[in-house]
$ cat my_file.tsv   # TSV, C-alpha atoms
chain	number	residue	atom	x	y	z
A	1	MET	CA	82.15	-91.99	178.91
A	2	VAL	CA	83.13	-93.01	182.43
A	3	LEU	CA	82.69	-90.41	185.18
A	4	LEU	CA	84.84	-90.11	188.27
A	5	THR	CA	83.97	-88.77	191.67
A	6	LEU	CA	84.91	-85.10	191.77
A	7	LYS	CA	86.99	-83.05	194.16
A	8	GLY	CA	85.61	-82.81	197.64
A	9	ASN	CA	84.14	-86.31	197.65
A	10	ALA	CA	85.50	-89.23	199.63
A	11	GLN	CA	87.97	-90.56	197.12
A	12	GLU	CA	90.68	-87.92	196.98
A	13	PRO	CA	93.77	-87.96	194.72
A	14	ASP	CA	97.05	-89.34	195.92
A	15	PRO	CA	98.67	-86.05	197.00
A	16	ARG	CA	102.01	-87.19	195.60
A	17	ILE	CA	100.68	-86.80	192.06
A	18	PHE	CA	100.83	-83.01	192.40
A	19	SER	CA	104.44	-82.58	191.40
A	20	THR	CA	106.80	-82.09	188.49
A	21	TRP	CA	107.36	-85.32	186.58
A	22	TYR	CA	109.88	-86.18	183.86
A	23	ILE	CA	108.95	-88.59	181.09
A	24	LEU	CA	111.29	-91.60	180.97
A	25	GLU	CA	109.57	-94.02	178.63
A	26	TYR	CA	106.41	-94.61	176.65
A	27	ILE	CA	105.34	-98.22	176.02
A	28	GLU	CA	102.79	-98.97	173.30
A	29	GLU	CA	101.77	-102.53	172.45
A	30	GLY	CA	104.89	-103.75	174.23
A	31	VAL	CA	107.26	-101.52	172.24
A	32	SER	CA	109.40	-99.11	174.26
A	33	TYR	CA	109.98	-95.52	173.09
A	34	VAL	CA	112.55	-93.45	174.97
A	35	PRO	CA	112.44	-89.65	174.63
A	36	PRO	CA	115.50	-87.68	173.50
A	37	ASP	CA	115.19	-85.75	176.74
A	38	ASN	CA	113.17	-86.16	179.94
A	39	TYR	CA	110.54	-83.53	179.12
A	40	PRO	CA	108.76	-82.30	182.25
A	41	ILE	CA	105.09	-82.09	183.05
A	42	GLN	CA	103.56	-80.52	186.12
A	43	ILE	CA	100.29	-81.71	187.65
A	44	PHE	CA	98.72	-79.27	190.06
A	45	ASP	CA	95.53	-78.51	191.94
A	46	GLU	CA	94.13	-75.27	190.51
A	47	SER	CA	90.95	-75.12	192.65
A	48	ASN	CA	89.18	-73.81	189.55
A	49	GLN	CA	85.50	-74.54	188.97
A	50	ASP	CA	85.97	-74.94	185.21
A	51	CYS	CA	89.07	-77.09	185.50
A	52	PRO	CA	89.92	-78.65	188.87
A	53	TYR	CA	93.37	-79.92	187.91
A	54	PHE	CA	95.96	-79.05	185.28
A	55	PHE	CA	98.76	-80.52	183.27
A	56	HIS	CA	101.45	-77.97	182.49
A	57	PHE	CA	104.36	-78.42	180.09
A	58	PRO	CA	107.16	-76.03	181.15
A	59	ASN	CA	109.57	-76.62	178.27
A	60	PRO	CA	111.34	-74.29	175.83
A	61	TRP	CA	108.89	-74.89	172.97
A	62	ALA	CA	105.50	-74.55	174.61
A	63	SER	CA	103.75	-73.33	177.72
A	64	GLY	CA	100.19	-73.47	178.90
A	65	PRO	CA	97.86	-75.85	180.71
A	66	ASP	CA	95.86	-78.88	179.66
A	67	CYS	CA	92.85	-79.68	181.82
A	68	ILE	CA	92.29	-82.80	183.94
A	69	GLY	CA	88.61	-82.97	184.85
A	70	SER	CA	88.86	-85.14	187.96
A	71	ILE	CA	91.31	-87.33	189.85
A	72	THR	CA	90.76	-90.10	192.36
A	73	GLU	CA	93.42	-92.03	194.24
A	74	THR	CA	93.90	-94.38	191.27
A	75	HIS	CA	92.45	-92.78	188.09
A	76	PHE	CA	91.91	-89.52	186.27
A	77	VAL	CA	89.93	-88.21	183.31
A	78	ILE	CA	91.18	-85.78	180.66
A	79	GLN	CA	88.68	-82.95	180.30
A	80	GLU	CA	90.29	-80.77	177.65
A	81	LEU	CA	93.69	-80.78	175.99
A	82	GLY	CA	95.14	-77.55	174.71
A	83	ILE	CA	98.87	-77.42	174.10
A	84	LEU	CA	99.24	-81.20	173.86
A	85	ALA	CA	96.27	-81.68	171.52
A	86	LYS	CA	97.45	-78.93	169.19
A	87	GLY	CA	100.86	-80.51	168.86
A	88	GLU	CA	102.59	-77.36	170.08
A	89	ILE	CA	105.00	-79.08	172.45
A	90	CYS	CA	107.74	-79.27	169.82
A	91	GLN	CA	106.52	-76.42	167.61
A	92	ASN	CA	109.82	-74.52	167.39
A	93	GLU	CA	112.14	-77.48	167.72
A	94	PRO	CA	115.14	-77.35	165.39
A	95	PRO	CA	115.81	-80.32	163.03
A	96	PRO	CA	116.14	-83.33	163.12
A	97	LEU	CA	112.94	-83.18	165.24
A	98	PRO	CA	113.51	-85.91	167.87
A	99	CYS	CA	110.96	-84.26	170.16
A	100	ALA	CA	108.24	-84.24	167.48
A	101	ASP	CA	108.95	-87.86	166.59
A	102	PHE	CA	108.58	-88.97	170.23
A	103	PHE	CA	105.47	-86.88	170.93
A	104	SER	CA	103.77	-88.23	167.80
A	105	LYS	CA	103.76	-91.61	169.57
A	106	TYR	CA	103.35	-90.45	173.19
A	107	ALA	CA	100.69	-87.71	172.94
A	108	PRO	CA	97.85	-89.99	171.65
A	109	LEU	CA	97.81	-91.67	175.08
A	110	TYR	CA	96.16	-88.49	176.35
A	111	ARG	CA	94.45	-87.32	173.16
A	112	ASP	CA	92.57	-90.60	172.76
A	113	ALA	CA	91.51	-90.51	176.41
A	114	GLU	CA	90.12	-87.01	175.91
A	115	THR	CA	88.16	-88.10	172.82
A	116	THR	CA	86.69	-91.26	174.35
A	117	GLY	CA	86.36	-90.11	177.96
A	118	ASP	CA	88.10	-93.30	179.07
A	119	LEU	CA	89.78	-93.48	182.43
A	120	LEU	CA	93.55	-93.34	182.75
A	121	SER	CA	94.85	-95.22	185.76
A	122	TYR	CA	97.95	-94.18	187.66
A	123	THR	CA	100.24	-95.66	190.28
A	124	ILE	CA	103.10	-94.06	192.16
A	125	GLU	CA	105.98	-96.23	193.31
A	126	GLU	CA	108.51	-94.89	195.78
A	127	VAL	CA	112.03	-96.14	196.47
A	128	GLN	CA	113.96	-93.99	198.95
A	129	ASN	CA	113.56	-90.43	197.60
A	130	LYS	CA	112.76	-91.47	194.04
A	131	ARG	CA	109.15	-91.65	192.88
A	132	THR	CA	107.92	-93.22	189.66
A	133	LEU	CA	104.54	-92.31	188.16
A	134	ILE	CA	103.02	-94.84	185.76
A	135	VAL	CA	99.99	-93.73	183.71
A	136	THR	CA	98.13	-96.56	181.92
A	137	ASN	CA	95.26	-96.50	179.42
A	138	LEU	CA	92.64	-99.21	178.86
A	139	ASP	CA	94.82	-100.84	176.18
A	140	GLY	CA	97.68	-101.27	178.60
A	141	ASP	CA	99.90	-98.60	177.01
A	142	GLN	CA	101.97	-96.75	179.60
A	143	ALA	CA	103.74	-93.45	180.13
A	144	ILE	CA	106.40	-93.70	182.82
A	145	TYR	CA	107.74	-90.68	184.68
A	146	SER	CA	110.22	-89.92	187.45
A	147	ASN	CA	110.18	-87.07	189.93
A	148	GLN	CA	113.90	-86.69	189.26
A	149	TYR	CA	115.51	-85.35	186.10
A	150	LEU	CA	117.54	-88.29	184.87
A	151	SER	CA	118.56	-87.27	181.36
A	152	ILE	CA	122.27	-87.70	180.67
A	153	ASN	CA	122.12	-87.25	176.89
A	154	ASP	CA	123.97	-83.93	176.96
A	155	TYR	CA	126.64	-84.93	179.43
A	156	SER	CA	129.93	-84.24	177.68
A	157	GLY	CA	132.33	-85.44	180.37
A	158	ARG	CA	131.84	-89.16	179.87
A	159	LYS	CA	134.80	-91.47	179.91
A	160	ALA	CA	132.92	-94.61	178.88
A	161	VAL	CA	131.01	-95.81	175.83
A	162	VAL	CA	128.38	-98.54	176.13
A	163	TYR	CA	127.16	-100.65	173.23
A	164	PRO	CA	124.98	-101.98	171.67
A	165	ASN	CA	122.00	-99.87	172.66
A	166	PRO	CA	119.35	-101.31	172.50
A	167	VAL	CA	120.86	-104.51	173.87
A	168	ASN	CA	119.61	-108.08	173.66
A	169	ASP	CA	122.17	-110.14	175.55
A	170	GLN	CA	125.60	-108.69	176.29
A	171	LEU	CA	126.36	-105.03	176.90
A	172	PHE	CA	129.96	-103.91	176.44
A	173	ILE	CA	131.69	-101.00	178.14
A	174	ALA	CA	134.73	-99.30	176.65
A	175	SER	CA	136.26	-96.86	179.13
A	176	GLU	CA	139.19	-94.46	178.95
A	177	VAL	CA	139.81	-95.01	182.67
A	178	GLN	CA	139.77	-98.02	184.98
A	179	ILE	CA	136.31	-99.35	185.83
A	180	GLU	CA	135.83	-100.04	189.51
A	181	LYS	CA	132.19	-101.18	189.64
A	182	VAL	CA	129.11	-101.30	187.41
A	183	ARG	CA	125.55	-101.23	188.73
A	184	VAL	CA	122.37	-101.67	186.70
A	185	TYR	CA	119.12	-100.18	188.02
A	186	SER	CA	115.58	-100.76	186.85
A	187	LEU	CA	113.32	-97.91	185.83
A	188	HIS	CA	111.96	-97.88	189.39
A	189	GLY	CA	115.39	-97.53	191.01
A	190	LYS	CA	115.88	-101.16	192.04
A	191	LEU	CA	119.41	-102.55	191.79
A	192	VAL	CA	119.19	-105.56	189.44
A	193	LEU	CA	122.84	-106.24	188.54
A	194	GLU	CA	126.24	-105.46	189.99
A	195	THR	CA	129.58	-106.43	188.49
A	196	PHE	CA	133.23	-105.47	188.15
A	197	SER	CA	133.33	-106.58	184.53
A	198	SER	CA	133.16	-104.46	181.37
A	199	ILE	CA	130.77	-107.05	179.88
A	200	ILE	CA	127.27	-107.15	181.34
A	201	ASN	CA	124.82	-109.97	180.70
A	202	PHE	CA	121.34	-108.52	180.13
A	203	SER	CA	119.79	-111.79	178.92
A	204	SER	CA	117.97	-112.49	182.20
A	205	LEU	CA	116.41	-109.02	182.43
A	206	HIS	CA	112.96	-108.09	181.19
A	207	ASN	CA	112.60	-105.75	178.22
A	208	GLY	CA	112.49	-102.08	179.08
A	209	LEU	CA	114.58	-99.14	180.20
A	210	TYR	CA	117.55	-99.48	182.57
A	211	PHE	CA	120.17	-97.16	184.02
A	212	VAL	CA	123.79	-98.34	184.00
A	213	GLU	CA	125.94	-96.63	186.60
A	214	ILE	CA	129.63	-96.93	185.79
A	215	GLY	CA	132.01	-96.22	188.63
A	216	THR	CA	135.59	-95.37	187.66
A	217	ILE	CA	138.62	-93.99	189.45
A	218	GLU	CA	137.46	-90.53	188.31
A	219	GLY	CA	133.84	-90.77	189.47
A	220	LYS	CA	130.49	-92.08	188.26
A	221	GLU	CA	128.46	-91.70	185.10
A	222	ILE	CA	125.03	-93.00	184.12
A	223	HIS	CA	123.85	-94.35	180.77
A	224	LYS	CA	120.27	-95.09	179.72
A	225	ILE	CA	120.00	-98.53	178.11
A	226	ILE	CA	117.05	-100.23	176.44
A	227	LYS	CA	116.77	-104.00	176.76
A	228	GLN	CA	114.90	-105.63	173.86
$ encode --input "my_file.tsv" --output "C-alpha cells"
Amino acid sequence: MVLLTLKGNAQEPDPRIFSTWYILEYIEEGVSYVPPDNYPIQIFDESNQDCPYFFHFPNPWASGPDCIGSITETHFVIQELGILAKGEICQNEPPPLPCADFFSKYAPLYRDAETTGDLLSYTIEEVQNKRTLIVTNLDGDQAIYSNQYLSINDYSGRKAVVYPNPVNDQLFIASEVQIEKVRVYSLHGKLVLETFSSIINFSSLHNGLYFVEIGTIEGKEIHKIIKQ
C-alpha cells in the first residue's frame, strides 16, 4: 500500500477538485464507455478525523458518502467505499438497466484502488469556464468528468439526426432545418473541426468522445459522438 501525505502537510490538494463533477467517459484498456447520463459525484473537504475527504453521489437511486483517505495536488487514496462498493448507485433503476451496465465497468476503477491501496492520479484541465477532471489508475484506465452537466440524451427538441454513432470515418447529419455551421469539440472543450457541410470527416481525429454542435436557423443543438 502506498501512503500519501495527509491534510495539513505541505502538499495540499488542488482546491478545484472540491466540486460537483459529471462523468463523461470511462476508458479501460483503450476502450471507451459512455454513460447513459452524466451521473454526478461531489468531492468535498469534510474536516473529519475519521475521513478527511468524501465522495458523494447525489443521484435518484443512491445517496451517501464514500471516503477518500488523503489527497495531494496530484493523487488521492480511497480509504473506504460504501455506496459505490455495495453497488447501490443503480439499485432502483428501472429496466433496461443502462446505469447498472455502465457502473459495472466504471466502479472497479475505485473498488480496486480501495482493495490494493494503490494511488489514483488526477489532473484538472481548464478551458475558459469549463473544467475537466481526469482520474487515472496505475493501469492507465481513466474516468473523465466535467464540471458542467453536458448530457443531451433526453433533449426532445432536436431537429437533426447524426449517424453512425460510434463513427469511424464520415459522420452524416440529417436535419429538418437548414444547417448553418457545424463545430466539433474535444472532450476538453477544444474546437477541432468546423464546417458548413452535413458530412463530417472524423478520420483524422483520435478515438474518444466528441461533442458535435449543430447550428441551424432555429438555434443550436449538441450531440455526443464516439470516434472509434
$ atom_distance --input "my_file.tsv" --atom1 "atom CA of His206 of chain A" --atom2 "atom CA of Ile226 of chain A"
10.1 Å
$ residues_around --input "my_file.tsv" --residues "Thr123 of chain A" --least-positions-apart "6" --cutoff "10 Å" --atoms "only C-alpha atoms" --output "list in words"
Asp14, Ile17, Glu73, Thr74, His75, Thr132, Leu133, Ile134, Val135, Thr136 and Ile144 of chain A
$ residues_around --input "my_file.tsv" --residues "Ile23 of chain A" --least-positions-apart "3" --cutoff "9 Å" --atoms "all atoms listed in the file" --output "PyMOL selection string"
chain A and resi 26+34-35+37-41+143-146+149
$ residues_around --input "my_file.tsv" --residues "Leu209 of chain A" --least-positions-apart "5" --cutoff "9 Å" --atoms "only C-alpha atoms" --output "VMD selection string"
chain A and resid 24 to 25 32 34 186 to 187 224 to 227
$ write_last_selection --input "my_file.tsv" --atoms "C-alpha atoms" --output "PDB file, in the frame of the given file"
ATOM      1  CA  LEU A  24     111.290 -91.600 180.970  1.00  0.00           C
ATOM      2  CA  GLU A  25     109.570 -94.020 178.630  1.00  0.00           C
ATOM      3  CA  SER A  32     109.400 -99.110 174.260  1.00  0.00           C
ATOM      4  CA  VAL A  34     112.550 -93.450 174.970  1.00  0.00           C
ATOM      5  CA  SER A 186     115.580-100.760 186.850  1.00  0.00           C
ATOM      6  CA  LEU A 187     113.320 -97.910 185.830  1.00  0.00           C
ATOM      7  CA  LYS A 224     120.270 -95.090 179.720  1.00  0.00           C
ATOM      8  CA  ILE A 225     120.000 -98.530 178.110  1.00  0.00           C
ATOM      9  CA  ILE A 226     117.050-100.230 176.440  1.00  0.00           C
ATOM     10  CA  LYS A 227     116.770-104.000 176.760  1.00  0.00           C
TER      11      LYS A 227
END
$ atom_distance --input "my_file.tsv" --atom1 "atom CA of Lys190 of chain A" --atom2 "atom CA of Glu126 of chain A"
10.4 Å
$ closest_residue --input "my_file.tsv" --among "A:Phe202, A:Gly189, A:Pro36, A:Arg111" --to "Pro98 of chain A" --atoms "all atoms listed in the file"
A:Pro36
$ atom_distance --input "my_file.tsv" --atom1 "atom CA of Ile78 of chain A" --atom2 "atom CA of Arg131 of chain A"
22.5 Å
$ closest_residue --input "my_file.tsv" --among "A:Val192, A:Ala107, A:Leu138, A:Ile217" --to "Glu29 of chain A" --atoms "all atoms listed in the file"
A:Leu138
$ residues_near_point --input "my_file.tsv" --point "(100.6, -101.8, 169.1)" --cutoff "12 Å" --atoms "all atoms listed in the file" --output "list in words"
Tyr26, Ile27, Glu28, Glu29, Gly30, Val31, Ser32, Tyr33, Lys105, Asp139, Gly140, Asp141 and Gln142 of chain A
$ closest_residue --input "my_file.tsv" --among "A:Phe103, A:Phe76, A:Tyr163, A:Trp21" --to "Asn137 of chain A" --atoms "only C-alpha atoms"
A:Phe76
$ closest_residue --input "my_file.tsv" --among "A:Ser175, A:Asn207, A:Ser197, A:Ser19" --to "Val161 of chain A" --atoms "all atoms listed in the file"
A:Ser175
$ closest_residue --input "my_file.tsv" --among "A:Ile43, A:Ser70, A:Lys130, A:Ser198" --to "Phe172 of chain A" --atoms "only C-alpha atoms"
A:Ser198
